[in-house]
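Here the structure is laid out as C-alpha cells; the discussion comes afterwards.
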Protein chains: 4
Amino acid sequence: METTRVEAFSDGVMAIALTIMVLELKAPDTPDLHGVAEFLPTLLTYILSFVYIGIYWSNHHHLMHLTKRVDGGALWANLNLLFWLSLVPFTTRWMDESSLSPLPVLVYGFNLLMSAVAYDILQRRLIRLQGADSRLASAIKNGVKEKVSTALYLVGCATAYVTVWASVACYTAVAILWIVPDRRIERAVAESNDA
Amino acid sequence: METTRVEAFSDGVMAIALTIMVLELKAPDTPDLHGVAEFLPTLLTYILSFVYIGIYWSNHHHLMHLTKRVDGGALWANLNLLFWLSLVPFTTRWMDESSLSPLPVLVYGFNLLMSAVAYDILQRRLIRLQGADSRLASAIKNGVKEKVSTALYLVGCATAYVTVWASVACYTAVAILWIVPDRRIERAVAESNDA
Amino acid sequence: METTRVEAFSDGVMAIALTIMVLELKAPDTPDLHGVAEFLPTLLTYILSFVYIGIYWSNHHHLMHLTKRVDGGALWANLNLLFWLSLVPFTTRWMDESSLSPLPVLVYGFNLLMSAVAYDILQRRLIRLQGADSRLASAIKNGVKEKVSTALYLVGCATAYVTVWASVACYTAVAILWIVPDRRIERAVAESNDA
Amino acid sequence: METTRVEAFSDGVMAIALTIMVLELKAPDTPDLHGVAEFLPTLLTYILSFVYIGIYWSNHHHLMHLTKRVDGGALWANLNLLFWLSLVPFTTRWMDESSLSPLPVLVYGFNLLMSAVAYDILQRRLIRLQGADSRLASAIKNGVKEKVSTALYLVGCATAYVTVWASVACYTAVAILWIVPDRRIERAVAESNDA
C-alpha cells in the first residue's frame, strides 16, 4: 500500500485538531485590557497546543517522506497517534476551563506523553517495514531528543500537584526542543534526493 | 471517472467526523478523580466511535485501492455511507448526554448497522462496476464477518431495553472483530502489486 | 493554473460544511419516542441540507473533470459558490431553531437559490475559459433543469409566508430533480475518455 | 522536500478556518426583519473574514505554484501564517460578541496585520530558497500593494478608539485591494507555462 492516502487522512485530522481549538477559545468577558489579561493563559495554552500539533505534523511529514509502503499494522499505529492528537484540543480546553488545576495539567502532560509514545510506535513499525538498512532506519539512530522529552513529560506530570507552572515549563521546554524539525531526517531526505 | 477525488472527499468527511467528536466531549465538572470517574463512560464511547470511524476509513482505503473507476451511482452510494458516518458523532453525543438510556443506545446501534449496510451497498456497486472477475470481486467472497457483525448489531439493538451494557458489549465486539483490516482485500492488494 | 488545488480546497470546504451540520443537531430533550418525534423535523432538514451539499459536490466533481485550466476569476467564482454553501449549515440551523418560521424558511430558499446562481456563474466562467467548442460547452446546453430549479426556488420563497410546507416541498423537489448526477456531463466525460 | 503536502495541509487549515466561522454565527434572536437587521453587522464581518481567508488561500495557491521546494524553515514560516489565520474566526467572533467595541476591533486589525507579516516572511523565505533569479523572485518586486495594506492596517488599528467604523473601512479597503489575485505572479505563472 502506498502512503498517499495515509498522509491525506493524517493531514486532515491534524489540520482539524489544529483549527478547531479556536472554537474552544472563549472570548474575554469584557472588551478591555482587563479581559485580555484574564484571557492570556488561555491564549498561551492555545499557542502551546498549536505548536505541538505543528511539530507532529512537521515530523510526520518527514517520516512519511522516507516511507515507501505501509501495511495494516502501520495504519492502526497511525490511527493511534491521531487518536492522542485528537484529544489535545479537549485536554487543552479542560486545562483552561479549570484555570490550570493540577489534575487537568497532569492529564494534558499525559496526553502529550502518549502522543510521543504513539509516534514512537509508528516510527518503529515503519522502520521494520522499510528494513533495517533503509534510509529511515539510518536517519533515526540514538534518539537522545526522544529520551529527554520523555523525561521532561514525566517531570511535568509529577510536579503538577506541586506547582503547575513547573509542569507548563516542562511541556514548553519539550516544544522548544522539537520546534526545529528533525535534522537527522532532513539530512537523510536531502541525501535521498541527491542519490 | 477516477477515484482520486472520491477518496479525497471521503477522507475529508471521515477525518472531520473523527475529530469533531472531541468538540462534543464535555470536560469533567470537577478537576479531580471524582470528575474523571464520572467522565469515563463518555471517554469510552468516544474511543468506541473513534475506532469505528477508523475501521471504516481503513476498509474504505482498501476498497478504493482495488477500484479503478466509479460512476454516478457509486458516488451516491459513497455519499450514503458518509451520511451515516457523519451521524455517528451525533448519536454518540446523545448516548452520552442521556447517560446511556435505552433508546439512544438502540439508535446508536441502528446508526452502526446502517453504516454497515451502506458500506455493503457501496461494495456491491463497485464490484458490479469492476466486473465479476475483477480482483475486488474475488477478494470479497463469503462475508462471514459481515454476517456476524449484522447479527451482533441486531442483538445489541434488541437488548438495549433489557440492559444497555449487553448492547455496548455487542457494539464493542464488532469493533474488535474488524479492528484487524480486511486480510482478504489486503492479500488481493499484495497480489495485485506483484502482478 | 491547474485545477488540482481548487478541487482539493473545494472538497475541504464542502466536506466540512457537510459534516459540521451534525454539530448543530441538538439532541432530543428526552430519550424516548416523544423526544424523537419532536426531533424529526430537525433530522429531515439535516438530511435535505446534506443531500444539497452532496449534489453540489457531485456536480462540482463532474464540472471540474471537464475543466483543464482555471484563472483568477474562476478562483473567485468558486469561492463565491463556497461562500453560499458554507452558509447552508447556518440557515439550516436558523430554520430549525425557529421551528420552521416563515422568514428563516424563505432565507434558506434564498441561500439555495444563490448557491445555484453562484454555480451557474462558475460554470459560465469555466466554459468561456475552455472555449465555446470544448467538451464542457457542448455538455451543458439548454439548461432545462436549471430553469425548473430556479422557478421552484422562487415559488418556495414566495410561499414561505403562506405555508412553509409548500416551501419545503419545493426545496425537496429540486433536490430530487438533481439527485441524479448530470447525465449530460457524465456522457461527455465518458466520450472524452473514449476519445 | 516537495510542496504537495504543505499545500494539502494549508488548504485543510484554511478550508476549516473559513467554514467553522459559520458555527460561530449566532442565529437572529427573532425570526423577523428586526432580528435580521440586528444580525447584519455579524453577517458583514463574517463576509469580510471569509474574503480575507479566501484572499490568503488564493495568493498562497499562486505562491506555491512558483515554488519548487521547501525546507524546515519554510514549513514553520507556513505554520506561522496558518496560526494567525486560524485566529481569524476567534477575533471575528470577539468583535461581534462585543458589538464592535474598540479593543476587539483593534485586535482584529492586529490579527490581519500579523497575517500579512507572516505571509511576507514566508514569501521571503521561499524566494531565498528558489534563488534571487527565480521566477518567484522576479514576480514579486516592489510590493506597493503590501506597503499600502500595512499602512491601512495601522491606520485601522489606530482609529479603533476614535471610531470603529473608520477601522472597519480600512480593513475593507485592504480586502478590496487584494480581491484581485496577484497579477504579477499570475503573469509569471503564465510565462512559466509558456517556457
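Convention: chains lettered A, B, ... in C-alpha cells order; per-chain residue numbering from 1; ligands numbered from 1 as shown.
Least-squares fitting of chain B to chain D, using every C-alpha atom paired in order, leaves a residual RMSD of 0.0 Å.
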Excluding same-chain residues fewer than 4 positions from Glu24 of chain C, what lies within 9 Å of it counting only C-alpha atoms, as a PyMOL selection string?
(chain C and resi 20+89-90+93) or (chain D and resi 23)
Sorted by chain and rising residue number, which residues of chain C lie within 10 Å of chain D, and what are their closest atom pairs and distances in Å to one decimal, counting only C-alpha atoms, as a tab-separated table?
```
residue	atom	partner	partner_atom	distance
C:Met1	CA	D:Val189	CA	7.6
C:Glu2	CA	D:His65	CA	9.5
C:Arg5	CA	D:His61	CA	7.6
C:Val6	CA	D:His61	CA	8.8
C:Ala8	CA	D:Asp11	CA	7.3
C:Phe9	CA	D:Asp11	CA	5.6
C:Ser10	CA	D:Ala15	CA	7.9
C:Asp11	CA	D:Ala15	CA	8.9
C:Gly12	CA	D:Ala15	CA	5.7
C:Val13	CA	D:Ala15	CA	5.1
C:Met14	CA	D:Thr19	CA	8.7
C:Ala15	CA	D:Ala15	CA	9.5
C:Ile16	CA	D:Thr19	CA	6.7
C:Ala17	CA	D:Thr19	CA	6.5
C:Ile20	CA	D:Ile20	CA	7.9
C:Met21	CA	D:Leu23	CA	8.7
C:Leu23	CA	D:Leu23	CA	8.5
C:Glu24	CA	D:Leu23	CA	7.9
C:Asp71	CA	D:Glu186	CA	8.4
C:Gly72	CA	D:Pro181	CA	5.9
C:Gly73	CA	D:Val180	CA	8.2
C:Leu75	CA	D:Ser58	CA	7.3
C:Trp76	CA	D:Gly54	CA	8.2
C:Leu79	CA	D:Gly54	CA	6.9
C:Asn80	CA	D:Val51	CA	9.3
C:Leu82	CA	D:Thr19	CA	9.0
C:Phe83	CA	D:Phe50	CA	7.5
C:Leu85	CA	D:Thr19	CA	9.4
C:Ser86	CA	D:Thr19	CA	5.9
C:Leu87	CA	D:Val22	CA	6.5
C:Val88	CA	D:Val22	CA	8.9
C:Pro89	CA	D:Val22	CA	7.4
C:Phe90	CA	D:Val22	CA	6.1
C:Thr91	CA	D:Ala27	CA	8.3
C:Arg93	CA	D:Ala27	CA	7.8
C:Trp94	CA	D:Ala27	CA	5.6
C:Met95	CA	D:Pro31	CA	8.7
C:Glu97	CA	D:Ala27	CA	8.3
C:Ser98	CA	D:Pro31	CA	6.5
C:Ser99	CA	D:Pro31	CA	9.7
C:Leu100	CA	D:Pro31	CA	9.4
C:Ser101	CA	D:Pro31	CA	6.6
C:Pro102	CA	D:Pro31	CA	7.8
C:Leu103	CA	D:Pro31	CA	6.0
C:Pro104	CA	D:Pro31	CA	6.3
C:Val105	CA	D:Pro31	CA	9.6
```
Where in segment 6-186 of chain D does DSSP assign alpha helix (DSSP H), given as a VMD selection string?
chain D and resid 6 to 24 33 to 65 72 to 97 102 to 130 135 to 139 144 to 158 164 to 179 183 to 186
field: atom CA of Lys68 of chain A to atom CA of Thr67 of chain B, straight-line distance in Å
entry: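 The value is 21.1 Å.
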re atom CA of Val70 of chain D and atom CA of Leu81 of chain A: distance 25.2 Å
Can you tell me, as a PDB file with all heavy atoms, in the first residue's frame, what residues are no more than 7 Å from segment 120-130 of chain A when counting only C-alpha atoms, ignoring any on the same chain fewer than 4 positions away?
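Saved as part_21.pdb:
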```pdb
ATOM      1  N   THR A  67       9.184   6.990   3.840  1.00  0.00           N
ATOM      2  CA  THR A  67       8.470   5.715   3.886  1.00  0.00           C
ATOM      3  C   THR A  67       7.930   5.380   2.508  1.00  0.00           C
ATOM      4  O   THR A  67       7.298   6.221   1.879  1.00  0.00           O
ATOM      5  CB  THR A  67       7.308   5.810   4.902  1.00  0.00           C
ATOM      6  OG1 THR A  67       7.858   6.119   6.180  1.00  0.00           O
ATOM      7  CG2 THR A  67       6.530   4.512   4.961  1.00  0.00           C
ATOM      8  N   ALA A  74       0.609  -0.588  10.326  1.00  0.00           N
ATOM      9  CA  ALA A  74       1.052   0.798  10.306  1.00  0.00           C
ATOM     10  C   ALA A  74      -0.138   1.750  10.267  1.00  0.00           C
ATOM     11  O   ALA A  74      -0.120   2.819  10.881  1.00  0.00           O
ATOM     12  CB  ALA A  74       1.970   1.041   9.104  1.00  0.00           C
ATOM     13  N   ALA A  77      -1.257   1.943  13.786  1.00  0.00           N
ATOM     14  CA  ALA A  77      -0.296   2.718  14.583  1.00  0.00           C
ATOM     15  C   ALA A  77      -0.495   4.207  14.298  1.00  0.00           C
ATOM     16  O   ALA A  77      -0.401   5.051  15.196  1.00  0.00           O
ATOM     17  CB  ALA A  77       1.127   2.283  14.244  1.00  0.00           C
ATOM     18  N   ASN A  78      -0.815   4.518  13.051  1.00  0.00           N
ATOM     19  CA  ASN A  78      -1.053   5.912  12.671  1.00  0.00           C
ATOM     20  C   ASN A  78      -2.356   6.413  13.291  1.00  0.00           C
ATOM     21  O   ASN A  78      -2.417   7.531  13.818  1.00  0.00           O
ATOM     22  CB  ASN A  78      -1.117   6.001  11.141  1.00  0.00           C
ATOM     23  CG  ASN A  78      -1.040   7.426  10.651  1.00  0.00           C
ATOM     24  OD1 ASN A  78      -0.123   8.164  11.012  1.00  0.00           O
ATOM     25  ND2 ASN A  78      -2.016   7.832   9.857  1.00  0.00           N
ATOM     26  N   ALA A 116       3.643  11.070  22.131  1.00  0.00           N
ATOM     27  CA  ALA A 116       5.035  10.768  21.830  1.00  0.00           C
ATOM     28  C   ALA A 116       5.247   9.263  21.732  1.00  0.00           C
ATOM     29  O   ALA A 116       5.942   8.765  20.838  1.00  0.00           O
ATOM     30  CB  ALA A 116       5.954  11.366  22.902  1.00  0.00           C
ATOM     31  N   SER A 134      17.418   0.628   5.654  1.00  0.00           N
ATOM     32  CA  SER A 134      16.784   1.685   4.860  1.00  0.00           C
ATOM     33  C   SER A 134      17.287   3.049   5.323  1.00  0.00           C
ATOM     34  O   SER A 134      17.918   3.178   6.374  1.00  0.00           O
ATOM     35  CB  SER A 134      15.270   1.616   5.036  1.00  0.00           C
ATOM     36  OG  SER A 134      14.955   1.917   6.385  1.00  0.00           O
ATOM     37  N   LEU A 136      15.435   5.432   6.304  1.00  0.00           N
ATOM     38  CA  LEU A 136      14.682   5.825   7.501  1.00  0.00           C
ATOM     39  C   LEU A 136      15.365   5.299   8.746  1.00  0.00           C
ATOM     40  O   LEU A 136      15.561   6.022   9.720  1.00  0.00           O
ATOM     41  CB  LEU A 136      13.244   5.283   7.413  1.00  0.00           C
ATOM     42  CG  LEU A 136      12.327   5.609   8.598  1.00  0.00           C
ATOM     43  CD1 LEU A 136      12.184   7.103   8.786  1.00  0.00           C
ATOM     44  CD2 LEU A 136      10.955   4.986   8.406  1.00  0.00           C
ATOM     45  N   ALA A 137      15.769   4.001   8.704  1.00  0.00           N
ATOM     46  CA  ALA A 137      16.405   3.383   9.861  1.00  0.00           C
ATOM     47  C   ALA A 137      17.700   4.103  10.215  1.00  0.00           C
ATOM     48  O   ALA A 137      18.003   4.347  11.383  1.00  0.00           O
ATOM     49  CB  ALA A 137      16.669   1.909   9.586  1.00  0.00           C
TER      50      ALA A 137
END
```
- Query: Hey, what's within 9 Å of Ala175 of chain B if we count only C-alpha atoms and toss same-chain stuff fewer than 3 positions away? As JSON, numbers by chain, please?
  - Reply: {"B": [48, 51, 52, 55, 149, 170, 171, 172, 178, 179]}
